[in-house]
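So this block is structure-v2.cif, mmCIF, C-alpha atoms and all ligand atoms:
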```cif
data_data
loop_
_atom_site.label_atom_id
_atom_site.label_comp_id
_atom_site.auth_asym_id
_atom_site.auth_seq_id
_atom_site.Cartn_x
_atom_site.Cartn_y
_atom_site.Cartn_z
CA MET Y 1 64.24 -106.82 65.27
CA ILE Y 2 67.94 -105.91 65.40
CA PRO Y 3 70.03 -106.72 62.31
CA GLY Y 4 71.48 -109.82 63.92
CA PRO Y 5 71.44 -111.96 65.89
CA THR Y 6 67.94 -112.65 64.58
CA ASN Y 7 65.12 -114.72 66.08
CA VAL Y 8 65.92 -118.42 66.17
CA ASP Y 9 63.25 -121.02 65.49
CA PRO Y 10 62.62 -123.50 68.37
CA LYS Y 11 63.49 -126.34 65.96
CA VAL Y 12 67.04 -124.97 65.71
CA LEU Y 13 67.26 -124.47 69.48
CA ARG Y 14 66.05 -128.04 70.06
CA ALA Y 15 68.65 -129.36 67.62
CA MET Y 16 71.36 -127.61 69.66
CA ALA Y 17 70.17 -129.29 72.84
CA ARG Y 18 70.83 -132.81 71.52
CA PRO Y 19 73.62 -134.82 73.20
CA THR Y 20 77.12 -133.80 72.16
CA LEU Y 21 78.51 -136.54 69.92
CA SER Y 22 82.18 -137.31 69.42
CA HIS Y 23 83.43 -134.90 66.74
CA THR Y 24 85.01 -137.82 64.83
CA SER Y 25 82.05 -140.21 65.06
CA ALA Y 26 80.34 -141.48 61.93
CA ALA Y 27 77.06 -139.99 63.16
CA PHE Y 28 78.54 -136.49 63.50
CA ALA Y 29 80.47 -136.84 60.23
CA SER Y 30 77.22 -137.47 58.43
CA ILE Y 31 75.64 -134.31 59.92
CA PHE Y 32 78.79 -132.36 58.97
CA LYS Y 33 78.70 -133.67 55.39
CA GLU Y 34 74.98 -132.92 54.96
CA THR Y 35 75.57 -129.39 56.26
CA LEU Y 36 78.36 -128.84 53.71
CA THR Y 37 76.06 -130.00 50.90
CA ASP Y 38 73.23 -127.74 52.07
CA LEU Y 39 75.58 -124.76 52.47
CA GLY Y 40 76.80 -125.35 48.92
CA ARG Y 41 73.20 -125.03 47.73
CA ILE Y 42 72.62 -121.87 49.77
CA PHE Y 43 75.90 -120.29 48.59
CA GLN Y 44 75.06 -121.54 45.06
CA THR Y 45 78.57 -122.85 44.63
CA SER Y 46 80.39 -126.04 43.83
CA GLY Y 47 83.48 -124.64 45.58
CA VAL Y 48 84.86 -125.72 48.96
CA ILE Y 49 82.83 -124.68 52.01
CA LEU Y 50 84.62 -124.18 55.34
CA PRO Y 51 82.38 -123.78 58.42
CA LEU Y 52 84.33 -122.70 61.51
CA ALA Y 53 83.64 -121.87 65.14
CA GLY Y 54 83.74 -118.10 65.20
CA THR Y 55 81.86 -115.11 63.84
CA GLY Y 56 81.73 -113.04 60.68
CA THR Y 57 84.89 -111.17 61.63
CA LEU Y 58 86.83 -114.44 61.72
CA GLY Y 59 85.33 -115.20 58.29
CA ALA Y 60 86.97 -112.05 56.91
CA GLU Y 61 90.29 -112.96 58.52
CA VAL Y 62 90.17 -116.50 57.15
CA ALA Y 63 89.13 -115.31 53.69
CA PHE Y 64 92.02 -112.84 53.48
CA SER Y 65 94.67 -114.83 55.29
CA ASN Y 66 94.45 -117.73 52.84
CA ILE Y 67 94.93 -115.60 49.73
CA ILE Y 68 96.91 -112.56 50.91
CA GLU Y 69 100.66 -112.54 51.44
CA PRO Y 70 102.48 -109.61 53.09
CA GLY Y 71 102.79 -106.72 50.65
CA ASP Y 72 99.99 -107.87 48.33
CA LYS Y 73 97.89 -105.05 46.95
CA VAL Y 74 94.25 -105.12 48.04
CA LEU Y 75 91.44 -102.78 47.02
CA VAL Y 76 88.64 -102.48 49.57
CA ILE Y 77 85.37 -100.85 48.60
CA SER Y 78 83.79 -99.22 51.62
CA GLY Y 79 80.64 -97.26 52.25
CA GLY Y 80 80.20 -98.10 55.91
CA TYR Y 81 81.40 -99.59 59.16
CA PHE Y 82 81.93 -103.13 57.89
CA GLY Y 83 83.68 -102.05 54.70
CA ASP Y 84 86.11 -100.12 56.91
CA ARG Y 85 86.61 -103.24 59.01
CA LEU Y 86 87.53 -105.26 55.90
CA ALA Y 87 90.24 -102.71 55.16
CA GLU Y 88 91.51 -102.86 58.77
CA ILE Y 89 91.76 -106.64 58.64
CA ALA Y 90 93.62 -106.62 55.32
CA VAL Y 91 96.08 -104.04 56.73
CA HIS Y 92 96.46 -106.16 59.88
CA LEU Y 93 97.43 -109.13 57.71
CA GLY Y 94 100.19 -107.14 56.04
CA ALA Y 95 98.51 -106.19 52.77
CA THR Y 96 99.01 -102.85 51.06
CA VAL Y 97 95.47 -101.54 51.08
CA ASP Y 98 93.75 -98.90 48.96
CA LYS Y 99 90.24 -97.89 49.88
CA LEU Y 100 87.58 -96.79 47.44
CA GLU Y 101 85.27 -94.93 49.78
CA VAL Y 102 81.73 -93.81 49.06
CA PRO Y 103 79.51 -91.81 51.44
CA TRP Y 104 77.33 -93.82 53.87
CA GLY Y 105 74.00 -94.56 52.20
CA THR Y 106 75.40 -94.72 48.67
CA ALA Y 107 76.88 -97.46 46.49
CA PRO Y 108 79.94 -97.19 44.25
CA THR Y 109 79.32 -96.96 40.52
CA VAL Y 110 80.76 -99.69 38.35
CA HIS Y 111 82.58 -96.94 36.46
CA ASP Y 112 84.38 -95.73 39.63
CA VAL Y 113 85.42 -99.25 40.56
CA GLU Y 114 86.65 -99.96 37.05
CA LYS Y 115 88.69 -96.75 37.08
CA LYS Y 116 90.29 -97.71 40.38
CA LEU Y 117 91.06 -101.24 39.21
CA THR Y 118 92.69 -99.84 36.10
CA SER Y 119 94.79 -97.33 38.08
CA SER Y 120 96.92 -100.03 39.72
CA LYS Y 121 97.47 -103.80 39.67
CA TYR Y 122 95.59 -105.34 42.61
CA LYS Y 123 95.68 -108.96 43.69
CA VAL Y 124 92.39 -108.82 45.59
CA MET Y 125 89.27 -106.67 45.59
CA ALA Y 126 87.02 -106.93 48.65
CA ALA Y 127 83.56 -105.56 49.29
CA VAL Y 128 80.60 -105.98 51.59
CA HIS Y 129 77.38 -107.11 49.91
CA VAL Y 130 75.05 -105.50 52.45
CA ASP Y 131 76.76 -103.17 54.91
CA THR Y 132 74.77 -103.47 58.14
CA SER Y 133 75.58 -99.87 59.07
CA THR Y 134 73.82 -98.44 56.00
CA ALA Y 135 71.43 -101.09 54.56
CA VAL Y 136 72.97 -100.49 51.14
CA ALA Y 137 73.21 -103.57 48.91
CA ASN Y 138 76.28 -103.18 46.71
CA PRO Y 139 76.19 -104.38 43.08
CA ALA Y 140 77.94 -107.67 43.85
CA LYS Y 141 77.26 -109.30 40.48
CA GLU Y 142 78.74 -106.35 38.56
CA LEU Y 143 81.74 -106.20 40.91
CA GLY Y 144 82.36 -109.90 40.30
CA ALA Y 145 82.31 -109.39 36.53
CA LEU Y 146 84.76 -106.46 36.82
CA ALA Y 147 87.12 -108.45 39.04
CA ARG Y 148 87.23 -111.27 36.53
CA GLU Y 149 87.81 -108.89 33.65
CA LYS Y 150 90.74 -107.29 35.53
CA ASP Y 151 92.04 -110.63 36.81
CA VAL Y 152 91.63 -109.67 40.46
CA LEU Y 153 90.45 -112.06 43.18
CA PHE Y 154 87.03 -111.06 44.51
CA VAL Y 155 86.23 -111.41 48.23
CA LEU Y 156 82.65 -110.71 49.31
CA ASP Y 157 81.29 -110.27 52.85
CA THR Y 158 77.74 -111.65 52.81
CA VAL Y 159 77.26 -111.65 56.58
CA CYS Y 160 74.10 -109.55 56.21
CA SER Y 161 72.67 -111.09 53.04
CA MET Y 162 73.36 -114.84 52.72
CA GLY Y 163 70.12 -116.75 53.16
CA GLY Y 164 67.93 -113.65 52.76
CA MET Y 165 68.99 -112.26 49.38
CA ASP Y 166 70.22 -113.89 46.22
CA VAL Y 167 74.00 -114.49 46.37
CA GLN Y 168 75.26 -116.56 43.45
CA VAL Y 169 78.80 -117.37 44.46
CA ASP Y 170 79.65 -119.23 41.23
CA GLY Y 171 77.36 -117.22 38.96
CA TRP Y 172 78.80 -113.89 40.16
CA GLU Y 173 82.37 -115.19 40.20
CA ILE Y 174 83.01 -114.60 43.89
CA ASN Y 175 86.35 -116.28 44.61
CA VAL Y 176 86.03 -116.15 48.38
CA CYS Y 177 82.71 -115.52 50.12
CA PHE Y 178 81.98 -115.51 53.83
CA THR Y 179 79.00 -115.17 56.12
CA GLY Y 180 77.96 -115.65 59.74
CA SER Y 181 75.30 -117.90 61.22
CA GLN Y 182 73.32 -115.27 63.12
CA LYS Y 183 71.60 -113.17 60.48
CA ALA Y 184 69.45 -114.29 57.55
CA LEU Y 185 70.37 -117.94 58.18
CA ALA Y 186 68.59 -117.50 61.55
CA VAL Y 187 70.99 -119.63 63.58
CA PRO Y 188 72.56 -118.34 66.83
CA PRO Y 189 75.90 -116.52 66.60
CA GLY Y 190 78.95 -118.76 66.74
CA MET Y 191 79.73 -120.00 63.24
CA THR Y 192 81.34 -118.42 60.23
CA ILE Y 193 81.19 -120.06 56.80
CA VAL Y 194 83.76 -119.33 54.10
CA SER Y 195 83.68 -120.58 50.51
CA PHE Y 196 86.71 -120.84 48.21
CA ASP Y 197 86.40 -121.42 44.48
CA SER Y 198 89.04 -123.34 42.50
CA LYS Y 199 91.00 -120.16 41.70
CA ALA Y 200 91.23 -119.16 45.37
CA GLN Y 201 92.18 -122.73 46.33
CA LYS Y 202 95.00 -122.62 43.80
CA VAL Y 203 96.23 -119.28 45.18
CA ARG Y 204 96.32 -120.83 48.68
CA GLU Y 205 98.08 -123.92 47.36
CA GLU Y 206 100.76 -121.97 45.50
CA ARG Y 207 101.47 -119.21 48.04
CA LYS Y 208 105.06 -118.80 49.22
CA SER Y 209 104.50 -117.88 52.88
CA SER Y 210 102.27 -119.69 55.42
CA PRO Y 211 98.87 -118.08 55.97
CA ALA Y 212 98.80 -115.70 58.94
CA SER Y 213 96.05 -117.83 60.49
CA TYR Y 214 97.01 -121.34 61.63
CA TYR Y 215 93.44 -122.28 62.64
CA GLY Y 216 91.88 -120.80 59.52
CA ASP Y 217 94.27 -122.36 57.03
CA LEU Y 218 92.17 -124.00 54.33
CA LYS Y 219 94.92 -126.53 53.63
CA ARG Y 220 94.74 -127.90 57.18
CA TRP Y 221 90.95 -128.24 56.96
CA LEU Y 222 90.67 -129.81 53.49
CA PRO Y 223 91.22 -133.41 54.73
CA ILE Y 224 88.47 -132.90 57.35
CA LEU Y 225 86.08 -131.44 54.79
CA ASN Y 226 86.60 -134.56 52.68
CA ASP Y 227 86.31 -136.93 55.64
CA PRO Y 228 84.99 -135.38 58.87
CA THR Y 229 85.99 -138.46 60.90
CA LYS Y 230 89.55 -137.08 60.65
CA TYR Y 231 90.87 -134.56 63.18
CA PHE Y 232 92.46 -131.15 62.86
CA ALA Y 233 90.62 -129.04 65.45
CA THR Y 234 87.38 -129.88 67.25
CA PRO Y 235 84.34 -128.56 65.38
CA PRO Y 236 81.65 -126.90 67.56
CA VAL Y 237 79.42 -130.00 67.62
CA ASN Y 238 76.20 -128.47 68.96
CA MET Y 239 76.55 -125.34 66.82
CA MET Y 240 76.89 -127.64 63.82
CA TYR Y 241 73.57 -129.26 64.78
CA ALA Y 242 72.06 -125.77 64.79
CA LEU Y 243 73.58 -124.85 61.44
CA HIS Y 244 72.47 -128.18 60.00
CA GLU Y 245 68.87 -127.58 61.09
CA GLY Y 246 68.98 -123.90 60.04
CA CYS Y 247 70.17 -124.81 56.53
CA ARG Y 248 67.46 -127.45 56.25
CA MET Y 249 64.85 -124.84 57.13
CA VAL Y 250 66.23 -122.40 54.54
CA LEU Y 251 66.12 -125.06 51.82
CA ALA Y 252 62.71 -126.39 52.91
CA GLU Y 253 61.29 -122.91 52.38
CA GLY Y 254 63.11 -122.72 49.03
CA LEU Y 255 65.68 -120.07 48.09
CA GLU Y 256 63.39 -118.26 45.64
CA GLU Y 257 60.50 -118.21 48.11
CA ARG Y 258 62.78 -117.04 50.91
CA PHE Y 259 64.24 -114.22 48.83
CA SER Y 260 60.79 -113.04 47.75
CA ARG Y 261 59.51 -113.18 51.34
CA HIS Y 262 62.44 -110.96 52.36
CA ALA Y 263 61.76 -108.60 49.44
CA LYS Y 264 58.10 -108.33 50.39
CA MET Y 265 58.78 -107.72 54.09
CA ALA Y 266 61.37 -105.08 53.19
CA SER Y 267 59.15 -103.18 50.80
CA ALA Y 268 56.20 -103.21 53.21
CA PHE Y 269 58.44 -102.01 56.04
CA ARG Y 270 59.97 -99.19 54.00
CA ALA Y 271 56.52 -98.11 52.74
CA GLY Y 272 55.26 -98.05 56.34
CA LEU Y 273 58.14 -95.86 57.53
CA ARG Y 274 57.77 -93.47 54.61
CA ALA Y 275 54.03 -93.18 55.22
CA MET Y 276 54.90 -91.88 58.71
CA GLY Y 277 57.07 -89.25 57.05
CA LEU Y 278 60.41 -90.81 57.95
CA ARG Y 279 63.42 -90.39 55.68
CA LEU Y 280 65.41 -93.51 54.85
CA LEU Y 281 69.20 -93.52 54.51
CA CYS Y 282 69.34 -95.09 51.05
CA ASP Y 283 67.29 -95.12 47.86
CA ASP Y 284 65.14 -98.13 47.08
CA ALA Y 285 67.27 -98.94 44.03
CA ILE Y 286 70.19 -99.88 46.30
CA ALA Y 287 68.27 -100.87 49.44
CA SER Y 288 68.89 -104.31 50.93
CA ASN Y 289 66.02 -106.60 51.81
CA THR Y 290 67.53 -107.59 55.14
CA LEU Y 291 67.47 -104.32 57.09
CA THR Y 292 66.40 -100.69 56.89
CA VAL Y 293 67.98 -97.53 58.29
CA ALA Y 294 65.72 -94.55 58.99
CA TYR Y 295 66.64 -91.07 60.22
CA TYR Y 296 64.93 -89.78 63.34
CA PRO Y 297 62.63 -86.83 62.74
CA PRO Y 298 63.88 -83.62 64.45
CA GLY Y 299 63.42 -83.75 68.21
CA VAL Y 300 63.21 -87.55 68.55
CA ARG Y 301 65.86 -88.82 70.96
CA ASP Y 302 67.65 -92.09 70.15
CA ALA Y 303 67.98 -93.61 73.62
CA GLU Y 304 64.43 -92.64 74.70
CA PHE Y 305 62.90 -93.91 71.44
CA ARG Y 306 64.63 -97.29 71.68
CA LYS Y 307 63.83 -97.56 75.39
CA SER Y 308 60.15 -97.02 74.63
CA MET Y 309 60.31 -99.59 71.80
CA GLN Y 310 61.68 -102.16 74.20
CA GLU Y 311 59.88 -101.37 77.44
CA GLU Y 312 56.45 -100.38 76.15
CA PHE Y 313 56.24 -102.66 73.13
CA GLY Y 314 58.76 -105.45 73.70
CA ILE Y 315 60.58 -104.77 70.43
CA VAL Y 316 64.34 -104.28 70.23
CA VAL Y 317 65.76 -102.20 67.38
CA ALA Y 318 69.36 -101.09 66.93
CA GLY Y 319 71.01 -97.70 67.13
CA GLU Y 320 73.37 -96.44 64.45
CA LEU Y 321 77.15 -96.56 64.28
CA GLY Y 322 79.90 -94.09 63.37
CA PRO Y 323 78.77 -90.78 61.86
CA LEU Y 324 75.08 -91.69 62.11
CA LYS Y 325 75.13 -92.50 65.83
CA GLU Y 326 71.96 -91.12 67.47
CA LYS Y 327 70.79 -89.68 64.13
CA ALA Y 328 69.14 -92.83 62.78
CA PHE Y 329 68.03 -96.32 63.84
CA ARG Y 330 68.33 -99.73 62.24
CA VAL Y 331 65.73 -102.44 61.99
CA GLY Y 332 66.53 -105.95 60.82
CA HIS Y 333 63.88 -107.83 58.84
CA MET Y 334 65.64 -111.03 57.98
CA GLY Y 335 65.67 -114.69 58.83
CA ASN Y 336 62.33 -115.81 60.24
CA VAL Y 337 60.65 -112.41 59.97
CA ASN Y 338 56.99 -112.53 58.99
CA ARG Y 339 54.02 -110.27 58.39
CA SER Y 340 53.08 -109.88 62.05
CA ASP Y 341 56.66 -108.93 63.02
CA ILE Y 342 56.59 -106.15 60.41
CA LEU Y 343 53.21 -104.82 61.52
CA ALA Y 344 54.02 -105.06 65.24
CA THR Y 345 57.33 -103.25 64.73
CA LEU Y 346 55.72 -100.46 62.73
CA GLY Y 347 53.02 -100.15 65.40
CA ALA Y 348 55.68 -99.88 68.09
CA ILE Y 349 57.59 -97.27 66.04
CA GLU Y 350 54.39 -95.23 65.72
CA GLY Y 351 53.76 -95.42 69.46
CA SER Y 352 57.33 -94.52 70.37
CA LEU Y 353 57.57 -91.63 67.89
CA ASN Y 354 54.27 -90.33 69.18
CA LYS Y 355 55.58 -90.48 72.74
CA GLU Y 356 58.62 -88.47 71.63
CA GLY Y 357 56.28 -85.75 70.39
CA TYR Y 358 56.55 -86.39 66.64
CA LYS Y 359 53.36 -85.29 64.89
CA PHE Y 360 51.93 -87.57 62.20
CA GLN Y 361 48.77 -89.51 61.48
CA LEU Y 362 48.79 -92.45 63.89
CA GLY Y 363 48.07 -95.77 62.17
CA THR Y 364 49.29 -94.68 58.76
CA GLY Y 365 52.50 -96.76 58.90
CA THR Y 366 50.83 -100.03 59.75
CA SER Y 367 47.94 -99.58 57.33
CA THR Y 368 50.26 -98.68 54.44
CA ALA Y 369 52.51 -101.68 55.16
CA ASN Y 370 49.48 -103.90 55.45
CA SER Y 371 48.28 -102.95 51.98
CA VAL Y 372 51.73 -103.76 50.57
CA LEU Y 373 51.71 -107.11 52.38
CA LYS Y 374 48.28 -107.96 51.07
CA ALA Y 375 49.04 -106.96 47.46
N1 LIG Y 401 80.13 -107.94 58.14
C1 LIG Y 401 78.86 -107.49 58.26
C2 LIG Y 401 78.16 -106.98 57.04
C3 LIG Y 401 78.23 -107.50 59.50
O1 LIG Y 401 76.98 -107.07 59.63
C4 LIG Y 401 78.93 -107.99 60.63
C5 LIG Y 401 78.29 -108.01 61.95
O2 LIG Y 401 77.24 -107.48 62.18
C6 LIG Y 401 80.24 -108.44 60.45
C7 LIG Y 401 80.80 -108.41 59.19
C8 LIG Y 401 81.01 -108.96 61.60
O3 LIG Y 401 80.43 -110.13 62.04
P1 LIG Y 401 80.53 -110.64 63.55
O4 LIG Y 401 79.94 -109.60 64.42
O5 LIG Y 401 79.70 -111.89 63.48
O6 LIG Y 401 81.95 -110.91 63.83
#
```
Do you think you could lay out the structure here as structure tokens?
Amino acid sequence: MIPGPTNVDPKVLRAMARPTLSHTSAAFASIFKETLTDLGRIFQTSGVILPLAGTGTLGAEVAFSNIIEPGDKVLVISGGYFGDRLAEIAVHLGATVDKLEVPWGTAPTVHDVEKKLTSSKYKVMAAVHVDTSTAVANPAKELGALAREKDVLFVLDTVCSMGGMDVQVDGWEINVCFTGSQKALAVPPGMTIVSFDSKAQKVREERKSSPASYYGDLKRWLPILNDPTKYFATPPVNMMYALHEGCRMVLAEGLEERFSRHAKMASAFRAGLRAMGLRLLCDDAIASNTLTVAYYPPGVRDAEFRKSMQEEFGIVVAGELGPLKEKAFRVGHMGNVNRSDILATLGAIEGSLNKEGYKFQLGTGTSTANSVLKA
């Protein structure tokens, strides 16, 4: 129950175990093409989709390196660990970066972002949809509208939301969007997927300097995306089988159904934690449906709590990062998560808190969550 990698369905694991085809064979090209079509449906875009061997961090590098040239002004909105990382990557690539920082557990207001965008001329604005350090879901749709109004390219990190929450890449005017395979898509870690709309493609096409990334240069990949029997660099064949199967499972469930399952699991989980008297890091109005962050009650020790979760109950949850280290814990409820995962996790949390000496009515978390799940 960590916020990624998430549990992988045996169907996806079996797909990965199939014989490794030639990366330029017609049979593999057809799997590649189908995966691109399915990813387009999941990203809700008619833009170009670039799946690469790598992880979410590479996705950020590829997103930026195609559209940023040294000295370009970039605004990064950050309210957590992964927002900060976006800023670091943009700086690394030679951009002049301004950060609009909000405290962990909060989201920026549209007014604040608008003010910042008006204060200077930026080429790019980047944000994280769901920051996995805080569980806050930023107002991506509103940010997209602002970026368009101010004629700024909008880059969105959807590593912790794509496939579990609605992300309308075209509808929300996200020029470059990236995710990773290992979270709500429920595929093992190892792939990043980056989308570029026509505006971002034009910016790449017309740039003066070469992109900082040779491997991640969209221009080098475009011929392969059109005809995967061509060669630029060897795609990760067996990971592509996994991504292919994972996307098919997402679409077989249906995007709407999948998003409402995530919403239901999230609200039941949060209700269960609150019933135990735990305080959550962010308000429901800005809470993501893919993970939850809860503070420990006074006296509960991080390492001992998580050890009990794992050793006594067989459930792995994550610790916190940065300023919240040892003060809170993170639970992922995305991908293949179902009702029994939620109830078992809450039961394990009750048992482990009880062991740590926290006083509350045992059973209240699971029964409250169960009534939400049954409603
Ligand atoms: N962005 C977000 C929101 C993440 O949660 C993560 C990883 O957890 C990353 C970026 C970095 O992805 P990766 O660890 O796959 O490189």
Ligand LIG 401 (chain Y): which residues are within 8 Å, counting all atoms listed in the file? Reply as a short mmCIF file (atom, residue, chain, number, x, y, z; two decimals) with C-alpha atoms, in the coordinates of the input.
```cif
data_model
loop_
_atom_site.label_atom_id
_atom_site.label_comp_id
_atom_site.auth_asym_id
_atom_site.auth_seq_id
_atom_site.Cartn_x
_atom_site.Cartn_y
_atom_site.Cartn_z
CA PRO Y 3 70.03 -106.72 62.31
CA GLY Y 4 71.48 -109.82 63.92
CA GLY Y 54 83.74 -118.10 65.20
CA THR Y 55 81.86 -115.11 63.84
CA GLY Y 56 81.73 -113.04 60.68
CA THR Y 57 84.89 -111.17 61.63
CA LEU Y 58 86.83 -114.44 61.72
CA GLY Y 59 85.33 -115.20 58.29
CA ALA Y 60 86.97 -112.05 56.91
CA PHE Y 82 81.93 -103.13 57.89
CA GLY Y 83 83.68 -102.05 54.70
CA ARG Y 85 86.61 -103.24 59.01
CA VAL Y 128 80.60 -105.98 51.59
CA HIS Y 129 77.38 -107.11 49.91
CA VAL Y 130 75.05 -105.50 52.45
CA ASP Y 131 76.76 -103.17 54.91
CA THR Y 132 74.77 -103.47 58.14
CA SER Y 133 75.58 -99.87 59.07
CA ASP Y 157 81.29 -110.27 52.85
CA THR Y 158 77.74 -111.65 52.81
CA VAL Y 159 77.26 -111.65 56.58
CA CYS Y 160 74.10 -109.55 56.21
CA SER Y 161 72.67 -111.09 53.04
CA THR Y 179 79.00 -115.17 56.12
CA GLY Y 180 77.96 -115.65 59.74
CA SER Y 181 75.30 -117.90 61.22
CA GLN Y 182 73.32 -115.27 63.12
CA PRO Y 189 75.90 -116.52 66.60
CA GLY Y 190 78.95 -118.76 66.74
CA THR Y 192 81.34 -118.42 60.23
#
```
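In terms of minimum interatomic distance to Y:Leu278, Y:Phe329 ranks closest within Y:Phe329, Y:Phe196, Y:Phe28, Y:Tyr231, counting only C-alpha atoms.
Nearest to Y:Leu50 of all the residues Y:Lys121, Y:Arg220, Y:Lys99, Y:Lys230 is Y:Arg220, based on all atoms listed in the file.
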(message) What does the structure give for the distance between atom CA of Y:Thr37 and atom CA of Y:Pro211, in Å to one decimal?
(response) 26.2 Å
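Going from atom CA of Y:Arg18 over to atom CA of Y:Met240, you cover 11.1 Å.
Taking atom CA of Y:Lys359 as the reference point, atom CA of Y:Asp284 is found at 24.9 Å.
By chain and then residue number, the residues within 9 Å of Y:Pro188 are Y:Pro5, Y:Thr6, Y:Asn7, Y:Val8, Y:Val12, Y:Leu13, Y:Ser181, Y:Gln182, Y:Lys183, Y:Leu185, Y:Met191, Y:Met239, Y:Ala242, Y:Leu243, counting only C-alpha atoms and disregarding those fewer than 3 positions away in sequence.
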(request) Using only C-alpha atoms, determine which residues lie at most 6 Å from stretch 324-328 of chain Y, disregarding the query and same-chain residues fewer than 2 positions distant; provide the list as JSON, numbers by chain. (result) {"Y": [294, 295, 296, 302, 320, 321, 322]}
If you count all atoms listed in the file, which residues fall within 9 Å of Y:Lys73, apart from same-chain ones fewer than 4 positions away, as a PDB file with C-alpha atoms, keeping the file's coordinate frame?
```
ATOM      1  CA  ILE Y  68      96.910-112.560  50.910  1.00  0.00           C
ATOM      2  CA  ALA Y  95      98.510-106.190  52.770  1.00  0.00           C
ATOM      3  CA  THR Y  96      99.010-102.850  51.060  1.00  0.00           C
ATOM      4  CA  VAL Y  97      95.470-101.540  51.080  1.00  0.00           C
ATOM      5  CA  ASP Y  98      93.750 -98.900  48.960  1.00  0.00           C
ATOM      6  CA  SER Y 120      96.920-100.030  39.720  1.00  0.00           C
ATOM      7  CA  LYS Y 121      97.470-103.800  39.670  1.00  0.00           C
ATOM      8  CA  TYR Y 122      95.590-105.340  42.610  1.00  0.00           C
ATOM      9  CA  LYS Y 123      95.680-108.960  43.690  1.00  0.00           C
ATOM     10  CA  VAL Y 124      92.390-108.820  45.590  1.00  0.00           C
ATOM     11  CA  MET Y 125      89.270-106.670  45.590  1.00  0.00           C
TER      12      MET Y 125
END
```
